[in-house]
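Colleague: This one is query09.pdb, PDB, C-alpha atoms and all ligand atoms.
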MODEL        1
ATOM      1  CA  MET A   1      12.387   8.628 -11.434
ATOM      2  CA  ASN A   2      11.332   6.368  -8.568
ATOM      3  CA  ILE A   3       7.965   4.722  -8.004
ATOM      4  CA  VAL A   4       6.169   3.911  -4.759
ATOM      5  CA  TYR A   5       3.144   1.624  -5.231
ATOM      6  CA  ILE A   6       0.643   1.764  -2.398
ATOM      7  CA  THR A   7      -1.353  -1.402  -1.766
ATOM      8  CA  GLY A   8      -3.501  -2.682   1.069
ATOM      9  CA  THR A   9      -7.029  -3.837   1.770
ATOM     10  CA  ALA A  10     -10.008  -1.565   1.040
ATOM     11  CA  GLY A  11     -10.071   1.317   3.514
ATOM     12  CA  SER A  12      -6.545   0.706   4.845
ATOM     13  CA  GLY A  13      -5.555   4.290   3.998
ATOM     14  CA  LYS A  14      -3.928   4.029   0.546
ATOM     15  CA  SER A  15      -5.424   7.181  -0.948
ATOM     16  CA  LEU A  16      -4.794   9.358   2.086
ATOM     17  CA  LEU A  17      -1.195   8.140   2.319
ATOM     18  CA  THR A  18      -0.714   8.908  -1.388
ATOM     19  CA  SER A  19      -1.969  12.413  -0.733
ATOM     20  CA  SER A  20       0.152  12.968   2.387
ATOM     21  CA  LEU A  21       3.348  11.591   0.835
ATOM     22  CA  VAL A  22       3.067  13.790  -2.254
ATOM     23  CA  SER A  23       2.333  16.873  -0.118
ATOM     24  CA  TRP A  24       5.255  16.048   2.139
ATOM     25  CA  TYR A  25       7.721  15.747  -0.746
ATOM     26  CA  ARG A  26       6.444  18.965  -2.303
ATOM     27  CA  GLU A  27       6.875  20.861   0.956
ATOM     28  CA  LYS A  28      10.502  19.702   0.902
ATOM     29  CA  SER A  29      10.790  21.118  -2.641
ATOM     30  CA  GLN A  30      10.934  17.656  -4.177
ATOM     31  CA  ASP A  31       9.223  16.950  -7.460
ATOM     32  CA  ALA A  32       6.514  14.380  -6.653
ATOM     33  CA  ILE A  33       3.310  13.365  -8.411
ATOM     34  CA  ALA A  34       0.253  11.297  -7.521
ATOM     35  CA  VAL A  35      -1.016   8.646  -9.914
ATOM     36  CA  ASN A  36      -4.527   7.270  -9.448
ATOM     37  CA  LEU A  37      -4.985   3.745 -10.798
ATOM     38  CA  ASP A  38      -8.452   3.228  -9.294
ATOM     39  CA  PRO A  39     -10.988   3.431 -12.151
ATOM     40  CA  GLY A  40     -13.955   3.130  -9.778
ATOM     41  CA  VAL A  41     -13.151   5.822  -7.238
ATOM     42  CA  LEU A  42     -15.545   8.790  -7.022
ATOM     43  CA  SER A  43     -13.577  11.195  -4.887
ATOM     44  CA  LEU A  44      -9.949  11.333  -3.841
ATOM     45  CA  PRO A  45      -8.193  13.274  -1.065
ATOM     46  CA  TYR A  46      -5.707  14.624  -3.672
ATOM     47  CA  ASP A  47      -5.692  16.009  -7.169
ATOM     48  CA  PRO A  48      -4.133  13.244  -9.318
ATOM     49  CA  ASP A  49      -1.450  14.280 -11.809
ATOM     50  CA  VAL A  50      -2.075  11.078 -13.774
ATOM     51  CA  ASP A  51      -5.539   9.563 -13.554
ATOM     52  CA  ILE A  52      -6.654   6.225 -15.013
ATOM     53  CA  ARG A  53     -10.242   7.522 -15.002
ATOM     54  CA  ASN A  54      -9.317   9.691 -17.996
ATOM     55  CA  SER A  55      -8.780   6.552 -20.087
ATOM     56  CA  VAL A  56     -10.986   3.956 -18.387
ATOM     57  CA  ASP A  57     -14.585   5.112 -18.047
ATOM     58  CA  MET A  58     -16.714   2.992 -15.706
ATOM     59  CA  GLN A  59     -20.019   4.495 -16.858
ATOM     60  CA  GLN A  60     -19.165   3.807 -20.481
ATOM     61  CA  ILE A  61     -18.204   0.208 -19.686
ATOM     62  CA  MET A  62     -21.497  -0.367 -17.840
ATOM     63  CA  THR A  63     -23.453   0.952 -20.824
ATOM     64  CA  ASP A  64     -21.407  -0.670 -23.597
ATOM     65  CA  TYR A  65     -21.261  -4.145 -22.046
ATOM     66  CA  SER A  66     -24.530  -4.089 -20.051
ATOM     67  CA  LEU A  67     -22.630  -4.674 -16.839
ATOM     68  CA  GLY A  68     -23.562  -3.803 -13.270
ATOM     69  CA  PRO A  69     -21.094  -1.952 -11.040
ATOM     70  CA  ASN A  70     -19.298  -5.105  -9.852
ATOM     71  CA  GLY A  71     -18.788  -6.554 -13.336
ATOM     72  CA  ALA A  72     -17.759  -3.159 -14.683
ATOM     73  CA  LEU A  73     -15.222  -2.748 -11.899
ATOM     74  CA  ILE A  74     -13.552  -6.065 -12.764
ATOM     75  CA  PHE A  75     -13.598  -5.178 -16.467
ATOM     76  CA  ALA A  76     -12.225  -1.687 -15.769
ATOM     77  CA  ASN A  77      -9.430  -3.039 -13.594
ATOM     78  CA  ASP A  78      -8.435  -5.517 -16.275
ATOM     79  CA  LEU A  79      -8.396  -2.720 -18.856
ATOM     80  CA  ILE A  80      -5.711  -0.867 -16.877
ATOM     81  CA  ALA A  81      -3.144  -3.305 -18.289
ATOM     82  CA  SER A  82      -3.822  -2.078 -21.829
ATOM     83  CA  LYS A  83      -3.002   1.482 -20.724
ATOM     84  CA  LEU A  84       0.568   0.770 -19.626
ATOM     85  CA  GLY A  85       2.119   2.788 -22.476
ATOM     86  CA  GLU A  86      -0.202   5.739 -21.889
ATOM     87  CA  ILE A  87       0.471   5.793 -18.153
ATOM     88  CA  GLN A  88       4.234   5.600 -18.717
ATOM     89  CA  GLU A  89       4.092   8.473 -21.214
ATOM     90  CA  GLU A  90       2.000  10.635 -18.913
ATOM     91  CA  ILE A  91       4.373  10.038 -16.020
ATOM     92  CA  GLU A  92       7.370  10.820 -18.183
ATOM     93  CA  SER A  93       5.781  14.015 -19.464
ATOM     94  CA  THR A  94       6.150  15.341 -15.908
ATOM     95  CA  THR A  95       9.588  15.904 -14.457
ATOM     96  CA  ALA A  96       8.778  13.995 -11.299
ATOM     97  CA  ASP A  97      11.490  12.319  -9.235
ATOM     98  CA  PHE A  98       8.964  10.583  -6.984
ATOM     99  CA  VAL A  99       5.857   8.937  -8.367
ATOM    100  CA  VAL A 100       3.345   7.752  -5.776
ATOM    101  CA  VAL A 101       0.870   5.278  -7.267
ATOM    102  CA  ASP A 102      -2.470   4.798  -5.503
ATOM    103  CA  THR A 103      -3.899   1.389  -6.419
ATOM    104  CA  PRO A 104      -7.545   0.266  -6.738
ATOM    105  CA  GLY A 105      -9.659   0.112  -3.591
ATOM    106  CA  GLN A 106     -10.118  -3.652  -3.843
ATOM    107  CA  ILE A 107      -6.770  -5.377  -3.615
ATOM    108  CA  GLU A 108      -8.020  -8.582  -5.217
ATOM    109  CA  LEU A 109      -8.795  -6.666  -8.412
ATOM    110  CA  PHE A 110      -5.293  -5.282  -8.558
ATOM    111  CA  ALA A 111      -2.920  -7.812  -7.026
ATOM    112  CA  PHE A 112      -4.708 -11.053  -7.848
ATOM    113  CA  ARG A 113      -5.729 -10.446 -11.441
ATOM    114  CA  GLU A 114      -3.259  -9.862 -14.240
ATOM    115  CA  SER A 115      -3.299  -6.083 -14.598
ATOM    116  CA  GLY A 116      -1.743  -5.153 -11.231
ATOM    117  CA  PRO A 117       1.438  -7.230 -11.516
ATOM    118  CA  PHE A 118       1.653  -6.300 -15.218
ATOM    119  CA  ILE A 119       1.564  -2.565 -14.454
ATOM    120  CA  ALA A 120       3.728  -2.825 -11.332
ATOM    121  CA  LYS A 121       6.439  -4.726 -13.189
ATOM    122  CA  GLY A 122       5.897  -2.972 -16.524
ATOM    123  CA  LEU A 123       6.253   0.696 -15.585
ATOM    124  CA  GLU A 124       9.855   1.679 -16.058
ATOM    125  CA  ALA A 125      11.667   3.529 -13.295
ATOM    126  CA  ASP A 126      15.113   3.772 -11.700
ATOM    127  CA  SER A 127      13.745   2.042  -8.592
ATOM    128  CA  LYS A 128      10.415   0.771  -7.382
ATOM    129  CA  VAL A 129       9.056  -0.158  -4.000
ATOM    130  CA  LEU A 130       5.724  -1.583  -2.934
ATOM    131  CA  LEU A 131       4.012  -0.589   0.296
ATOM    132  CA  PHE A 132       1.483  -2.868   1.925
ATOM    133  CA  LEU A 133      -0.725  -1.070   4.429
ATOM    134  CA  MET A 134      -1.870  -2.869   7.549
ATOM    135  CA  ASP A 135      -4.629  -0.898   9.265
ATOM    136  CA  SER A 136      -3.663  -0.465  12.949
ATOM    137  CA  LEU A 137      -7.237  -0.883  14.053
ATOM    138  CA  VAL A 138      -7.504  -4.244  12.288
ATOM    139  CA  ALA A 139      -3.982  -5.488  13.036
ATOM    140  CA  SER A 140      -4.163  -4.983  16.785
ATOM    141  CA  SER A 141      -5.229  -8.546  17.557
ATOM    142  CA  PRO A 142      -2.480 -11.155  17.135
ATOM    143  CA  THR A 143      -4.554 -13.305  14.780
ATOM    144  CA  ASN A 144      -5.479 -10.367  12.532
ATOM    145  CA  PHE A 145      -1.867  -9.270  12.586
ATOM    146  CA  LEU A 146      -0.795 -12.652  11.243
ATOM    147  CA  SER A 147      -3.605 -12.675   8.708
ATOM    148  CA  LEU A 148      -2.480  -9.293   7.313
ATOM    149  CA  ALA A 149       1.168 -10.365   7.329
ATOM    150  CA  LEU A 150       0.184 -13.419   5.265
ATOM    151  CA  LEU A 151      -1.820 -11.277   2.843
ATOM    152  CA  SER A 152       1.086  -8.882   2.409
ATOM    153  CA  THR A 153       3.364 -11.854   1.640
ATOM    154  CA  SER A 154       0.835 -13.110  -0.852
ATOM    155  CA  VAL A 155       0.725  -9.687  -2.550
ATOM    156  CA  GLN A 156       4.499  -9.589  -2.656
ATOM    157  CA  LEU A 157       4.640 -12.990  -4.355
ATOM    158  CA  ARG A 158       2.352 -11.562  -7.052
ATOM    159  CA  MET A 159       4.109  -8.229  -7.491
ATOM    160  CA  GLU A 160       7.748  -9.325  -7.170
ATOM    161  CA  LEU A 161       8.953  -5.941  -5.923
ATOM    162  CA  PRO A 162      10.793  -4.925  -2.745
ATOM    163  CA  GLN A 163       8.101  -4.502  -0.119
ATOM    164  CA  ILE A 164       7.708  -2.340   2.953
ATOM    165  CA  GLN A 165       4.880  -3.084   5.360
ATOM    166  CA  VAL A 166       3.218  -0.002   6.796
ATOM    167  CA  LEU A 167       1.179   0.055   9.976
ATOM    168  CA  SER A 168      -1.341   2.713   8.939
ATOM    169  CA  LYS A 169      -3.622   5.053  10.929
ATOM    170  CA  THR A 170      -1.425   4.849  14.028
ATOM    171  CA  ASP A 171      -3.147   7.956  15.439
ATOM    172  CA  LEU A 172      -6.285   5.850  15.861
ATOM    173  CA  ALA A 173      -4.607   3.060  17.834
ATOM    174  CA  LYS A 174      -1.862   4.882  19.752
ATOM    175  CA  ASP A 175      -1.896   2.594  22.782
ATOM    176  CA  LYS A 176      -1.631  -0.564  20.632
ATOM    177  CA  VAL A 177       1.121   0.522  18.235
ATOM    178  CA  PRO A 178       4.129  -0.201  20.483
ATOM    179  CA  GLU A 179       2.922  -3.764  21.051
ATOM    180  CA  MET A 180       2.370  -4.402  17.318
ATOM    181  CA  MET A 181       5.852  -3.058  16.633
ATOM    182  CA  ARG A 182       7.256  -5.472  19.228
ATOM    183  CA  TRP A 183       5.443  -8.360  17.521
ATOM    184  CA  SER A 184       7.001  -7.422  14.199
ATOM    185  CA  LYS A 185      10.495  -7.554  15.674
ATOM    186  CA  ASP A 186      10.286 -10.346  18.206
ATOM    187  CA  PRO A 187       8.437 -13.665  17.809
ATOM    188  CA  LEU A 188       8.580 -14.139  21.591
ATOM    189  CA  ALA A 189       6.526 -10.969  22.118
ATOM    190  CA  TYR A 190       4.060 -12.226  19.535
ATOM    191  CA  GLU A 191       3.814 -15.630  21.235
ATOM    192  CA  ASP A 192       3.271 -13.903  24.535
ATOM    193  CA  ALA A 193       0.224 -12.133  23.094
ATOM    194  CA  LEU A 194      -1.026 -15.423  21.634
ATOM    195  CA  SER A 195      -0.630 -17.408  24.795
ATOM    196  CA  HIS A 196      -3.546 -15.616  26.457
ATOM    197  CA  LEU A 197      -5.853 -16.332  23.576
ATOM    198  CA  LYS A 198      -5.398 -19.713  22.025
ATOM    199  CA  SER A 199      -5.668 -23.393  22.821
ATOM    200  CA  GLY A 200      -2.539 -25.528  22.449
ATOM    201  CA  THR A 201      -3.253 -26.567  18.863
ATOM    202  CA  GLU A 202      -4.155 -23.059  17.748
ATOM    203  CA  TYR A 203      -1.190 -21.628  19.612
ATOM    204  CA  SER A 204       1.287 -23.855  17.831
ATOM    205  CA  PHE A 205      -0.365 -23.269  14.437
ATOM    206  CA  TYR A 206      -0.219 -19.470  14.777
ATOM    207  CA  SER A 207       3.211 -19.331  16.340
ATOM    208  CA  GLN A 208       4.775 -21.657  13.768
ATOM    209  CA  LEU A 209       3.262 -19.692  10.894
ATOM    210  CA  PHE A 210       4.483 -16.461  12.423
ATOM    211  CA  ARG A 211       7.977 -17.804  12.995
ATOM    212  CA  SER A 212       8.291 -19.151   9.495
ATOM    213  CA  LEU A 213       7.120 -15.801   8.086
ATOM    214  CA  LYS A 214       9.681 -13.988  10.240
ATOM    215  CA  ARG A 215      12.453 -16.400   9.305
ATOM    216  CA  SER A 216      11.920 -16.170   5.596
ATOM    217  CA  SER A 217      10.369 -12.724   5.361
ATOM    218  CA  LEU A 218      10.957 -10.863   2.136
ATOM    219  CA  SER A 219       9.718  -7.639   3.700
ATOM    220  CA  LEU A 220      11.993  -4.734   4.517
ATOM    221  CA  GLY A 221      10.220  -4.174   7.827
ATOM    222  CA  LEU A 222       7.132  -2.649   9.401
ATOM    223  CA  TYR A 223       6.858   1.148   9.596
ATOM    224  CA  PRO A 224       4.230   2.817  11.804
ATOM    225  CA  VAL A 225       2.677   5.836  10.051
ATOM    226  CA  SER A 226      -0.203   8.258  10.437
ATOM    227  CA  SER A 227      -1.272  10.112   7.314
ATOM    228  CA  TYR A 228      -3.093  12.619   9.549
ATOM    229  CA  THR A 229      -0.327  13.560  11.979
ATOM    230  CA  ARG A 230       2.546  12.465   9.716
ATOM    231  CA  GLU A 231       4.054  10.593  12.618
ATOM    232  CA  GLY A 232       6.493   8.043  11.222
ATOM    233  CA  PHE A 233       7.017   9.813   7.884
ATOM    234  CA  ILE A 234      10.709  10.408   8.532
ATOM    235  CA  GLY A 235      11.323   6.715   9.103
ATOM    236  CA  LEU A 236       9.344   5.640   6.051
ATOM    237  CA  ILE A 237      10.772   8.224   3.690
ATOM    238  CA  GLY A 238      14.262   7.469   5.012
ATOM    239  CA  GLU A 239      13.706   3.845   3.962
ATOM    240  CA  PHE A 240      12.642   5.045   0.483
ATOM    241  CA  ALA A 241      15.843   7.072   0.276
ATOM    242  CA  ARG A 242      17.908   3.975   1.098
ATOM    243  CA  ILE A 243      16.109   1.959  -1.570
ATOM    244  CA  PHE A 244      16.270   4.739  -4.151
ATOM    245  CA  GLY A 245      19.903   5.387  -3.363
ATOM    246  CA  GLY A 246      19.400   9.100  -2.739
ATOM    247  CA  GLY A 247      21.402  10.805  -0.024
ATOM    248  CA  GLU A 248      18.610  13.172   1.072
ATOM    249  CA  GLU A 249      18.363  13.902   4.789
ATOM    250  CA  TYR A 250      14.911  15.018   5.878
ATOM    251  CA  GLU A 251      13.632  16.672   8.995
ATOM    252  CA  GLU A 252      10.075  16.667  10.368
TER     253      GLU A 252
HETATM  254  N1  LIG A 301      -7.291   8.930  11.614
HETATM  255  C1  LIG A 301      -6.805   8.511  10.443
HETATM  256  N2  LIG A 301      -7.652   8.192   9.445
HETATM  257  C2  LIG A 301      -7.120   7.762   8.278
HETATM  258  C3  LIG A 301      -5.712   7.642   8.077
HETATM  259  N3  LIG A 301      -5.520   7.182   6.814
HETATM  260  C4  LIG A 301      -6.740   7.033   6.260
HETATM  261  N4  LIG A 301      -7.719   7.385   7.128
HETATM  262  C5  LIG A 301      -9.155   7.371   6.891
HETATM  263  O1  LIG A 301      -9.566   6.030   6.591
HETATM  264  C6  LIG A 301     -10.541   6.023   5.553
HETATM  265  C7  LIG A 301     -10.061   5.193   4.377
HETATM  266  O2  LIG A 301      -8.910   5.824   3.845
HETATM  267  P1  LIG A 301      -8.560   5.777   2.289
HETATM  268  O3  LIG A 301      -7.260   6.509   2.121
HETATM  269  O4  LIG A 301      -9.696   6.208   1.463
HETATM  270  O5  LIG A 301      -8.353   4.188   2.121
HETATM  271  P2  LIG A 301      -8.142   3.315   0.786
HETATM  272  O6  LIG A 301      -9.454   2.661   0.508
HETATM  273  O7  LIG A 301      -7.100   2.302   1.158
HETATM  274  O8  LIG A 301      -7.693   4.256  -0.294
HETATM  275  C8  LIG A 301     -10.806   7.488   5.206
HETATM  276  O9  LIG A 301     -11.915   7.941   5.922
HETATM  277  C9  LIG A 301      -9.533   8.185   5.678
HETATM  278  O10 LIG A 301      -9.753   9.546   6.015
HETATM  279  C10 LIG A 301      -4.841   8.002   9.167
HETATM  280  O11 LIG A 301      -3.607   7.917   9.089
HETATM  281  N5  LIG A 301      -5.442   8.424  10.305
HETATM  282 MG    MG A 302      -8.447   4.560  -2.215
ENDMDL
END
Rewrite the structure from the file as structure tokens, please.

Modeller:
Amino acid sequence: MNIVYITGTAGSGKSLLTSSLVSWYREKSQDAIAVNLDPGVLSLPYDPDVDIRNSVDMQQIMTDYSLGPNGALIFANDLIASKLGEIQEEIESTTADFVVVDTPGQIELFAFRESGPFIAKGLEADSKVLLFLMDSLVASSPTNFLSLALLSTSVQLRMELPQIQVLSKTDLAKDKVPEMMRWSKDPLAYEDALSHLKSGTEYSFYSQLFRSLKRSSLSLGLYPVSSYTREGFIGLIGEFARIFGGGEEYEE
């Protein structure tokens, strides 16, 4: 059994990608399940096979501890850690080969408190990979692109798992995607985009940060994907197959 954790900022497309990946695997007759780890979510674009909301009840927490929604959300996210055994058992009670884990809407509640890294490291699987979603619409300016690349590095330092960066919602930023892909591969292309925007001091700050990230990057690369059109799925799922060591060949 292999696990894909899906992380990214709120609204970056985690839940829809979870849904689309599971559907895609199932259409290829692969045994895949969706796990929802967001205790605060009201509606999801998929029917979760394992759902943290069955064991962590936000309403109950608000009542029992006299907390408002924000306090209850923090409490609920911290409680996820105590459910590790239950989640593992539920996953293992399925026969799934691919487990796609949708993480809480707010990344700081998952990656930067204790429960996220605890669950990510604690769930047992043959292989695990962590996706970090960079929303195409946000990442299309060179400074935002760097900011998201830094955040994804920060998340990786917390989670300590192999990481793939995903440029999400590419259907919404079609004309910008090729340029962002060039930035990810070539610091000179990135510096070219910066040179129109920044003063000398800013330019050198951004370009040096970018170069040092590129030089020492722990990421396995940036994959452009649309959960609506499924553009880019072959590339992304091919990368999973390499990590998971499966020999599957997929077609669109
Ligand atoms: N056009 C388009 N919209 C998307 C895509 N992925 C997500 N969205 C939309 O972006 C919004 C946030 O997505 P969601 O999956 O809920 O983000 P999450 O907060 O990271 O789980 C929703 O309205 C989605 O329908 C995509 O690939 N293309
Ligand atoms: Mg979500």

Colleague: Show me which residues sit within 7 Å of ligand LIG 301 (chain A) when counting all atoms listed in the file, and put them as a list in words.

Modeller: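 My answer, listing the contacting residues, is Gly8, Thr9, Ala10, Gly11, Ser12, Gly13, Lys14, Ser15, Leu16, Leu17, Gly105, Ser168, Lys169, Thr170, Asp171, Leu172, Val225, Ser226, Ser227 and Tyr228 of chain A.
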
Colleague: Would you translate the PyMOL selection byres (((chain A and resi 191-207) around 12) and not hetatm) into the concrete set of residues it matches in this file, as an MDAnalysis selection string?

Modeller: chainID A and resid 140:147 149:150 176 179:180 182:190 208:215

Colleague: Would you work out the distance separating CA of Ile91 in chain A from CA of Pro39 in chain A, expressed in Å to one decimal?

Modeller: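 Here the two named atoms are 17.2 Å from each other.
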
Colleague: Could you check the closest approach to ligand MG 302 (chain A) for each of A:Gln156, A:Asn54, A:Gln106, A:Ser127 and tell me which residue wins, using all atoms listed in the file?

Modeller: A:Gln106

Colleague: Return the single residue from A:Ile74, A:Ala120, A:Leu84, A:Val35 that is closest to Glu160 in chain A, with distances computed using all atoms listed in the file.

Modeller: A:Ala120

Colleague: Rounded to one decimal, what separation in Å do you get between CA of Pro48 in chain A and CA of Asn36 in chain A?

Modeller: 6.0 Å

Colleague: Any idea what's packed within 9 Å of Leu161 in chain A, counting only C-alpha atoms, ignoring anything in its chain fewer than 6 positions away? Could you give it as a list in words?

Modeller: Ala120, Lys121, Lys128, Val129 and Leu130 of chain A

Colleague: When you count only C-alpha atoms, which of these residues is closest to Val50 in chain A: A:Ala81, A:Ile237, A:Leu73, A:Ala96?

Modeller: A:Ala96

Colleague: Around the point (-4.1, -1.5, -16.9) in the file's coordinates, collect all residues with an atom within 9 Å, using only C-alpha atoms, and return them as an NGL selection string.

Modeller: :A and (37 or 52 or 56 or 76-84 or 87 or 114-116 or 118-119)

Colleague: Of the residues A:Asn2, A:Thr7, A:Ser55, A:Ser93, which is the one nearest to ligand MG 302 (chain A), using only C-alpha atoms and all ligand atoms?

Modeller: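 Closest candidate: A:Thr7.
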
Colleague: Hey, which of A:Ile33, A:Val155, A:Val41, A:Ala72 ends up closest to ligand MG 302 (chain A)? Count all atoms listed in the file.

Modeller: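 Looking at the shortest contact to ligand MG 302 (chain A), the residue is A:Val41.
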
Colleague: Give me the result of the PyMOL selection byres (((chain A and resi 42) around 12) and not hetatm) on this file, residue by residue, as a PyMOL selection string.

Modeller: chain A and resi 15+36+38-41+43-46+51+53+57-59+104-105

Colleague: Could you check the closest approach to ligand MG 302 (chain A) for each of A:Ala139, A:Ile107, A:Val4, A:Ala125 and tell me which residue wins, using all atoms listed in the file?

Modeller: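 Of A:Ala139, A:Ile107, A:Val4, A:Ala125, the one nearest ligand MG 302 (chain A) is A:Ile107, counting all atoms listed in the file.
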